[in-house]
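J.: I have a structure here, written as structure tokens, and I will follow up with some questions on it.
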Amino acid sequence: MEQFNYTNELIHETSPYLLQHAHNPVNWQPWGEKALNQAKTENKLLLISIGYSACHWCHVMEHESFEDPEVAKNMNAHFVCIKVDREERPDVDHIYMTAVQLLTGRGGWPLNCIALPDGRPIWGGTYFQKENWIQALEAVSKFYTENPKETLEYAVKLQDGIEQNSLVPISVENAGIDPLFLPSLLKKWQSYFDTKNGGTHGAPKFMLPNNWQFLLRAGKQFQDDKILEQLKLTLLKMAFGGLYDQIGGGFARYSTDEIWKVPHFEKMLYDNAQLLHLYSEAYQADQNPLYKQVVSETVSFLKRELLSSENGFYSALDADSEGKEGKFYTWTKPELQQLLGTDFELFGDYFNVNSLGFWEHNQYILMRTEDNDSFVKKHQLSIEDIEKKVQNWKSLLLKEREKRIRPGLDDKILTSWNAMTISGLISCYKAFSNPEYLELALANANFLKQKLFGADGHLFHSYKNNQSKISGFLEDYAFAIEAYTALFEASGQKEWLDLAQRLTEITFQEFFDEQKSIFYFTASQQQDLITRTIEIHDNVIPSSNSVMARNLFRLSYLLDRPDYLETAQKMFSTVSGNMANYPSGYSNWSQLMLDLTGNHFEVAIVGENAINLLKELQKNYLLHVVFCAGTTENDLTLLKDRFVSGKTLIYICQNNSCQLPVETVDEALSLISN
């Protein structure tokens with residue numbers, strides 16, 4: 001058994017990131033009343049260090065500073081040191097990230113912030129080299145000791161800045177939407193397109209799936225070929241790049257360059273969940289076989305590497321293995337030659353084992369630059385031949401790769417990210433009618449229901465080792481409501497809609513500010529933060545408020561709740577004034593704008609064959625449609641008194657007013673005008 005020189009309070013935690021620091025000489029404590037009370041009792045500054053398990057520079061700073069006994073001695077003497085896993089405590093991260101951004105103009109992880117004993121921040125930054133870190137700690141500590149009054153004044157100003165940052169400017173209530181606003185927004189967005197490499201200009205390149213979901217929808221609605229071509233180019237380049245795991249499926253977090261070649265190699269559940277959604281919707285619109293391949297391989301990756309025995313999905317895979325970033329995923333030429341034999345030359349051309357694919361230390365990143373049609377013409381092969389070869393190559397290399405030392409696994413299970421995965425899997429099921437995708441979504445949904453719900457119906461945020469912990473945040477409720485609503489719309493099983501409704505009621509009780517028509521990120525009873533934040537910006541994950549607003553829009557029709565629709569409209573009015581300045585930061589709000597302004601339909605299907613007809617309809621890319629299906633008598637407004645024995649009828653409705661029912665999918669499609 002391994003012997004450790006040091007053990008701190010983090011040894012009792014479940015978060016892999018916190019446990020990584022449990023044997024640092026720093027007297028780390030988790031965020032909580034004990035640490036906060038100690039700081040007040042001893043009149044010590046708080047040193048709050050925030051990161052996550054797959055963060056490369058977090059590991060670097062730990063090795064350079066937090067494992068060093070001399071640095072630790074300084075930290076322990078002058079500070080109460082708190083380690084925070086940003087994925088476990090996004091609420092804490094929001095506050096101190098805002099503080100550091102106000103202080104320095106930039107943010108990122110590791111995030112290091114020093115605060116007064118009551119939690120109000122006074123100084124912060126991101127990664128520091130050891131010498132700079134020691135100097136900064138000494139300077140801040142000295143200033144606090146010698147200038148307590150000035151330090152307090154500064155903390156008051158900074159807290160005011162944090163609170164101002166969380167304030168949402170209130171627009172005119174029920175302000176209308178200018179019909180020219182969306183086209184002008186799209187025009188501004190197009191000026192950022194990288195028409196050579198896909199995505200937007202510059203590096204690093206993040207995938208931002210929600211941006212492209214909105215652009216797909218807007219491109220279709222406005223019949224804008226430029227937008228649709230950019231979407232197609234982006235999805236192709238991402239899937240062909242080193243960003244995508246060509247052997248095992250699944251996407252890394254982002255590309256460090258403009259051509260999607262060299263990723264930051266960690267794989268996050270939330271990225272892959274959203275990309276399932278994006279590629280499935282793109283397939284519904286375009287039937288590109290590449291999209292189907294990406295979905296199939298990504299689901300296989302999730303099942304193989306992130307699915308627990310209880311049907312919960314783990315959070316992330318580290319970028320590093322054996323202390324080296326990307327080592328698990330890259331190959332040397334001699335390795336590939338030995339494994340592939342006479343196939344090496346063909347393989348090398350297909351996956352660019354050449355100057356393009358060369359990375360560093362004689363390692364190659366596998367990536368593609370041409371589709372199968374072009375490749376077979378060049379090599380005088382058939383499509384069947386190359387598809388069979390590629391499958392054999394992937395199988396061979398995946399088997400070989402499994403012998404390597406694996407990247408670290410962050411095996412905590414988060415409600416919000418699992419709910420996003422359910423929604424992604426439902427999109428896959430709708431596009432491809434593969435029952436495996438629905439079964440996987442249902443298994444995960446039942447897992448959440450069994451393990452992440454408290455006895456009173458409230459959600460927990462995190463689960464590990466049969467322990468559910470941390471009260472749920474708005475993101476947990478918003479994404480869970482979205483997932484359970486999607487499950488109902490795809491399966492017709494009313495229990496999921498009932499669950500979505502119960503969670504919505506709790507969300508209003510615990511998070512809603514009626515005066516501002518917006519939801520707080522933390523529940524009303526939470527007491528351990530200096531302020532309650534409001535999350536409205538869509539980023540790598542859509543904001544919890546935009547997701548909640550879109551939930552209310554859908555549920556207003558499914559549950560006949562016009563008050564939900566009114567709240568969604570007010571929420572949009574509240575944020576709409578900021579959209580023109582920063583379109584990509586409001587992509588999910590822009591989808592809500594399309595919801596609110598489009599020619600919206602409710603499709604009700606009633607009868608013994610309802611689920612089969614539902615599956616056929618949902619294969620199509622349909623804008624502005626909410627689905628409600630049932631095989632028996634049902635009290636839902638859209639289905640009530642519409643069951644006719646021996647028939648399955650499809651009603652196309654708008655604002656709960658329906659046309660005469662039809663009996664075939666083709667007839668129904670002809671009545672739904674996009």
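Following the order of the structure tokens, chains are lettered A, B, ..., residues in each are numbered from 1, and ligands are numbered from 1.
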Could you pull out all residues of segment 282-486 of chain A with a DSSP call of helix (DSSP H, G or I) and give them as a ChimeraX atom specification?
T.: /A:282-286,289-306,333-350,372-379,383-401,415-432,435-451,474-486
J.: Would you save the residues of that selection, restricted to C-alpha atoms, as a compact mmCIF listing (two decimals), in the first residue's frame?
T.:
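Full text of result-v2.txt as output:
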# COMPACT_ATOMS: atom_id res chain seq x y z
CA ALA A 282 -27.86 17.66 -39.30
CA TYR A 283 -28.52 14.11 -40.56
CA GLN A 284 -32.28 14.69 -40.42
CA ALA A 285 -31.74 17.74 -42.62
CA ASP A 286 -29.10 16.32 -44.98
CA PRO A 289 -23.63 9.24 -44.00
CA LEU A 290 -20.65 10.84 -42.24
CA TYR A 291 -23.01 12.27 -39.63
CA LYS A 292 -24.49 8.82 -39.00
CA GLN A 293 -20.98 7.38 -38.58
CA VAL A 294 -19.99 10.11 -36.10
CA VAL A 295 -23.12 9.50 -34.03
CA SER A 296 -22.67 5.72 -34.01
CA GLU A 297 -18.99 5.92 -33.04
CA THR A 298 -19.58 8.58 -30.39
CA VAL A 299 -22.34 6.54 -28.74
CA SER A 300 -19.97 3.54 -28.78
CA PHE A 301 -17.30 5.68 -27.09
CA LEU A 302 -19.75 6.82 -24.40
CA LYS A 303 -20.86 3.25 -23.69
CA ARG A 304 -17.32 1.86 -23.70
CA GLU A 305 -15.51 4.52 -21.68
CA LEU A 306 -17.95 6.72 -19.74
CA LYS A 333 5.24 5.51 -37.62
CA PRO A 334 7.15 2.32 -36.57
CA GLU A 335 4.19 1.32 -34.33
CA LEU A 336 1.75 1.68 -37.20
CA GLN A 337 4.02 -0.09 -39.70
CA GLN A 338 4.36 -3.07 -37.40
CA LEU A 339 0.63 -3.28 -36.70
CA LEU A 340 -0.66 -2.69 -40.23
CA GLY A 341 1.98 -4.44 -42.34
CA THR A 342 1.27 -4.13 -46.06
CA ASP A 343 -1.75 -1.91 -45.36
CA PHE A 344 0.41 0.81 -43.82
CA GLU A 345 0.85 2.90 -47.00
CA LEU A 346 -2.89 2.98 -47.69
CA PHE A 347 -3.65 3.66 -44.03
CA GLY A 348 -1.03 6.42 -43.93
CA ASP A 349 -2.61 8.15 -46.90
CA TYR A 350 -6.14 7.81 -45.46
CA ASN A 372 -14.29 8.03 -49.20
CA ASP A 373 -15.52 8.82 -52.72
CA SER A 374 -12.39 10.86 -53.52
CA PHE A 375 -10.10 8.35 -51.81
CA VAL A 376 -11.36 5.30 -53.71
CA LYS A 377 -11.05 7.07 -57.06
CA LYS A 378 -7.44 7.92 -56.31
CA HIS A 379 -6.60 4.37 -55.24
CA ILE A 383 -16.42 2.00 -51.53
CA GLU A 384 -17.11 -1.41 -49.99
CA ASP A 385 -13.37 -2.23 -49.97
CA ILE A 386 -12.30 0.94 -48.22
CA GLU A 387 -15.16 0.86 -45.70
CA LYS A 388 -14.23 -2.71 -44.77
CA LYS A 389 -10.54 -1.81 -44.50
CA VAL A 390 -11.19 1.26 -42.36
CA GLN A 391 -13.37 -0.78 -40.02
CA ASN A 392 -10.63 -3.41 -39.68
CA TRP A 393 -7.96 -0.73 -39.07
CA LYS A 394 -10.03 0.92 -36.37
CA SER A 395 -10.76 -2.39 -34.67
CA LEU A 396 -7.09 -3.39 -34.74
CA LEU A 397 -5.77 -0.09 -33.40
CA LEU A 398 -8.49 0.22 -30.77
CA LYS A 399 -7.56 -3.22 -29.45
CA GLU A 400 -3.87 -2.23 -29.40
CA ARG A 401 -4.64 1.10 -27.72
CA THR A 415 -27.18 15.41 -13.13
CA SER A 416 -26.97 18.24 -15.65
CA TRP A 417 -24.45 16.54 -17.95
CA ASN A 418 -26.30 13.20 -17.81
CA ALA A 419 -29.55 14.97 -18.66
CA MET A 420 -27.84 16.59 -21.64
CA THR A 421 -26.76 13.09 -22.74
CA ILE A 422 -30.34 11.83 -22.53
CA SER A 423 -31.43 14.69 -24.82
CA GLY A 424 -28.58 13.90 -27.21
CA LEU A 425 -29.50 10.21 -27.31
CA ILE A 426 -33.16 11.06 -27.96
CA SER A 427 -32.05 13.16 -30.95
CA CYS A 428 -30.09 10.13 -32.20
CA TYR A 429 -33.14 7.92 -31.76
CA LYS A 430 -35.38 10.33 -33.65
CA ALA A 431 -32.93 10.61 -36.55
CA PHE A 432 -32.02 6.93 -36.91
CA PRO A 435 -33.88 1.30 -30.42
CA GLU A 436 -30.46 1.07 -28.70
CA TYR A 437 -30.37 4.86 -28.42
CA LEU A 438 -33.80 5.02 -26.75
CA GLU A 439 -32.95 2.13 -24.40
CA LEU A 440 -29.73 3.87 -23.34
CA ALA A 441 -31.59 7.16 -22.76
CA LEU A 442 -34.28 5.40 -20.71
CA ALA A 443 -31.70 3.51 -18.63
CA ASN A 444 -29.92 6.79 -17.83
CA ALA A 445 -33.21 8.59 -17.11
CA ASN A 446 -34.20 5.87 -14.65
CA PHE A 447 -30.76 6.03 -13.04
CA LEU A 448 -31.18 9.77 -12.43
CA LYS A 449 -34.67 9.16 -11.06
CA GLN A 450 -33.39 6.53 -8.62
CA LYS A 451 -30.11 8.13 -7.51
CA LEU A 474 -30.67 25.63 -12.05
CA GLU A 475 -28.63 23.81 -14.71
CA ASP A 476 -29.62 20.45 -13.17
CA TYR A 477 -33.31 21.27 -13.19
CA ALA A 478 -33.28 22.92 -16.63
CA PHE A 479 -31.45 20.09 -18.39
CA ALA A 480 -33.43 17.39 -16.55
CA ILE A 481 -36.73 19.03 -17.56
CA GLU A 482 -35.46 19.23 -21.15
CA ALA A 483 -34.43 15.55 -21.09
CA TYR A 484 -37.67 14.24 -19.60
CA THR A 485 -39.74 16.34 -21.99
CA ALA A 486 -37.73 14.97 -24.93
J.: Just the residues within 10 Å of segment 200-216 of chain A, please, counting only C-alpha atoms, with nothing from its chain fewer than 6 positions along; format it as a ChimeraX atom specification.
T.: /A:186,189-194,224,227-232,234-235,238,243,251-260,262-264,271-279,281-282,285,538-542,583-592,594
J.: Rounded to one decimal, what separation in Å do you get between atom CA of Glu322 of chain A and atom CA of Lys73 of chain A?
T.: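 Those two atoms sit 28.5 Å apart.
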J.: Could you tell me, as a PyMOL selection string, which residues of segment 24-121 of chain A DSSP assigns to strand (DSSP E or B) when given the backbone?
T.: chain A and resi 29-30+45-51+79-85+111-115+121
J.: Produce a file of the selected residues containing C-alpha atoms, as a CSV table (one decimal), in the first residue's frame.
T.:
chain,number,residue,atom,x,y,z
A,29,GLN,CA,-10.3,21.9,2.8
A,30,PRO,CA,-13.4,21.5,0.7
A,45,LEU,CA,-7.8,35.2,4.3
A,46,LEU,CA,-9.4,32.5,2.2
A,47,LEU,CA,-7.3,31.1,-0.6
A,48,ILE,CA,-9.8,29.5,-3.1
A,49,SER,CA,-8.2,27.4,-5.8
A,50,ILE,CA,-10.6,26.1,-8.5
A,51,GLY,CA,-10.1,23.5,-11.2
A,79,PHE,CA,-4.5,31.4,4.5
A,80,VAL,CA,-7.4,28.9,5.0
A,81,CYS,CA,-6.9,27.0,1.8
A,82,ILE,CA,-10.0,25.7,-0.1
A,83,LYS,CA,-10.0,23.4,-3.1
A,84,VAL,CA,-13.0,23.5,-5.4
A,85,ASP,CA,-14.0,21.2,-8.2
A,111,LEU,CA,-8.6,29.7,-11.0
A,112,ASN,CA,-6.9,31.1,-7.9
A,113,CYS,CA,-8.6,33.8,-5.8
A,114,ILE,CA,-7.9,35.3,-2.4
A,115,ALA,CA,-10.9,36.5,-0.4
A,121,PRO,CA,-12.7,38.4,-3.1
J.: What does the structure give for the distance between atom CA of Val606 of chain A and atom CA of Ser673 of chain A, in Å to one decimal?
T.: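 Between atom CA of Val606 of chain A and atom CA of Ser673 of chain A the gap works out to 21.3 Å.
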J.: Within 10 Å of Phe553 of chain A, counting only C-alpha atoms, which residues qualify if same-chain residues fewer than 6 places away don't, as JSON, numbers by chain?
T.: {"A": [547, 561, 562, 563, 564, 565, 566, 567, 568, 569, 592, 595, 596, 626]}
J.: Convert the current residue selection to file output with N, CA and C atoms, as a PDB file, in the first residue's frame.
T.:
ATOM      1  N   VAL A 547     -32.133  27.497 -21.521  1.00  0.00           N
ATOM      2  CA  VAL A 547     -32.696  26.141 -21.571  1.00  0.00           C
ATOM      3  C   VAL A 547     -34.053  26.133 -20.867  1.00  0.00           C
ATOM      4  N   ARG A 561     -50.411  25.264 -20.657  1.00  0.00           N
ATOM      5  CA  ARG A 561     -50.071  26.245 -19.624  1.00  0.00           C
ATOM      6  C   ARG A 561     -49.649  27.554 -20.285  1.00  0.00           C
ATOM      7  N   PRO A 562     -50.606  28.396 -20.643  1.00  0.00           N
ATOM      8  CA  PRO A 562     -50.261  29.673 -21.275  1.00  0.00           C
ATOM      9  C   PRO A 562     -49.385  30.556 -20.388  1.00  0.00           C
ATOM     10  N   ASP A 563     -49.441  30.357 -19.068  1.00  0.00           N
ATOM     11  CA  ASP A 563     -48.586  31.139 -18.178  1.00  0.00           C
ATOM     12  C   ASP A 563     -47.111  30.801 -18.394  1.00  0.00           C
ATOM     13  N   TYR A 564     -46.813  29.546 -18.753  1.00  0.00           N
ATOM     14  CA  TYR A 564     -45.428  29.165 -19.068  1.00  0.00           C
ATOM     15  C   TYR A 564     -44.940  29.914 -20.311  1.00  0.00           C
ATOM     16  N   LEU A 565     -45.810  29.995 -21.312  1.00  0.00           N
ATOM     17  CA  LEU A 565     -45.445  30.712 -22.538  1.00  0.00           C
ATOM     18  C   LEU A 565     -45.202  32.182 -22.237  1.00  0.00           C
ATOM     19  N   GLU A 566     -46.045  32.754 -21.404  1.00  0.00           N
ATOM     20  CA  GLU A 566     -45.890  34.163 -21.046  1.00  0.00           C
ATOM     21  C   GLU A 566     -44.550  34.399 -20.333  1.00  0.00           C
ATOM     22  N   THR A 567     -44.161  33.478 -19.448  1.00  0.00           N
ATOM     23  CA  THR A 567     -42.879  33.607 -18.748  1.00  0.00           C
ATOM     24  C   THR A 567     -41.717  33.493 -19.729  1.00  0.00           C
ATOM     25  N   ALA A 568     -41.797  32.547 -20.672  1.00  0.00           N
ATOM     26  CA  ALA A 568     -40.738  32.405 -21.681  1.00  0.00           C
ATOM     27  C   ALA A 568     -40.584  33.692 -22.487  1.00  0.00           C
ATOM     28  N   GLN A 569     -41.708  34.292 -22.843  1.00  0.00           N
ATOM     29  CA  GLN A 569     -41.666  35.559 -23.597  1.00  0.00           C
ATOM     30  C   GLN A 569     -41.022  36.677 -22.776  1.00  0.00           C
ATOM     31  N   LEU A 592     -34.861  30.282 -29.125  1.00  0.00           N
ATOM     32  CA  LEU A 592     -36.136  30.656 -28.512  1.00  0.00           C
ATOM     33  C   LEU A 592     -36.842  31.719 -29.350  1.00  0.00           C
ATOM     34  N   ASP A 595     -38.511  29.968 -31.963  1.00  0.00           N
ATOM     35  CA  ASP A 595     -39.707  29.329 -31.395  1.00  0.00           C
ATOM     36  C   ASP A 595     -40.868  30.321 -31.318  1.00  0.00           C
ATOM     37  N   LEU A 596     -40.560  31.511 -30.812  1.00  0.00           N
ATOM     38  CA  LEU A 596     -41.612  32.498 -30.533  1.00  0.00           C
ATOM     39  C   LEU A 596     -42.163  33.162 -31.786  1.00  0.00           C
ATOM     40  N   VAL A 626     -44.029  20.533 -31.755  1.00  0.00           N
ATOM     41  CA  VAL A 626     -44.066  19.822 -30.483  1.00  0.00           C
ATOM     42  C   VAL A 626     -44.897  18.563 -30.707  1.00  0.00           C
TER      43      VAL A 626
END
J.: I'd like the neighbourhood of Lys640 of chain A as number ranges by chain, where a residue qualifies if any of its atoms comes within 12 Å (using only C-alpha atoms), though same-chain residues fewer than 5 positions away should be ignored.
T.: A: 558-560, 604-607, 628-635, 651, 656
J.: For Lys464 of chain A, which of A:Phe508, A:Tyr364, A:Phe313, A:Phe488 is the closest residue, counting only C-alpha atoms?
T.: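 Closest candidate: A:Phe313.
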J.: List the neighbours of Pro69 of chain A out to 10 Å using only C-alpha atoms; skip same-chain residues closer than 4 positions along the sequence, and give me the result as a PyMOL selection string.
T.: chain A and resi 6+24-26+65+73-75
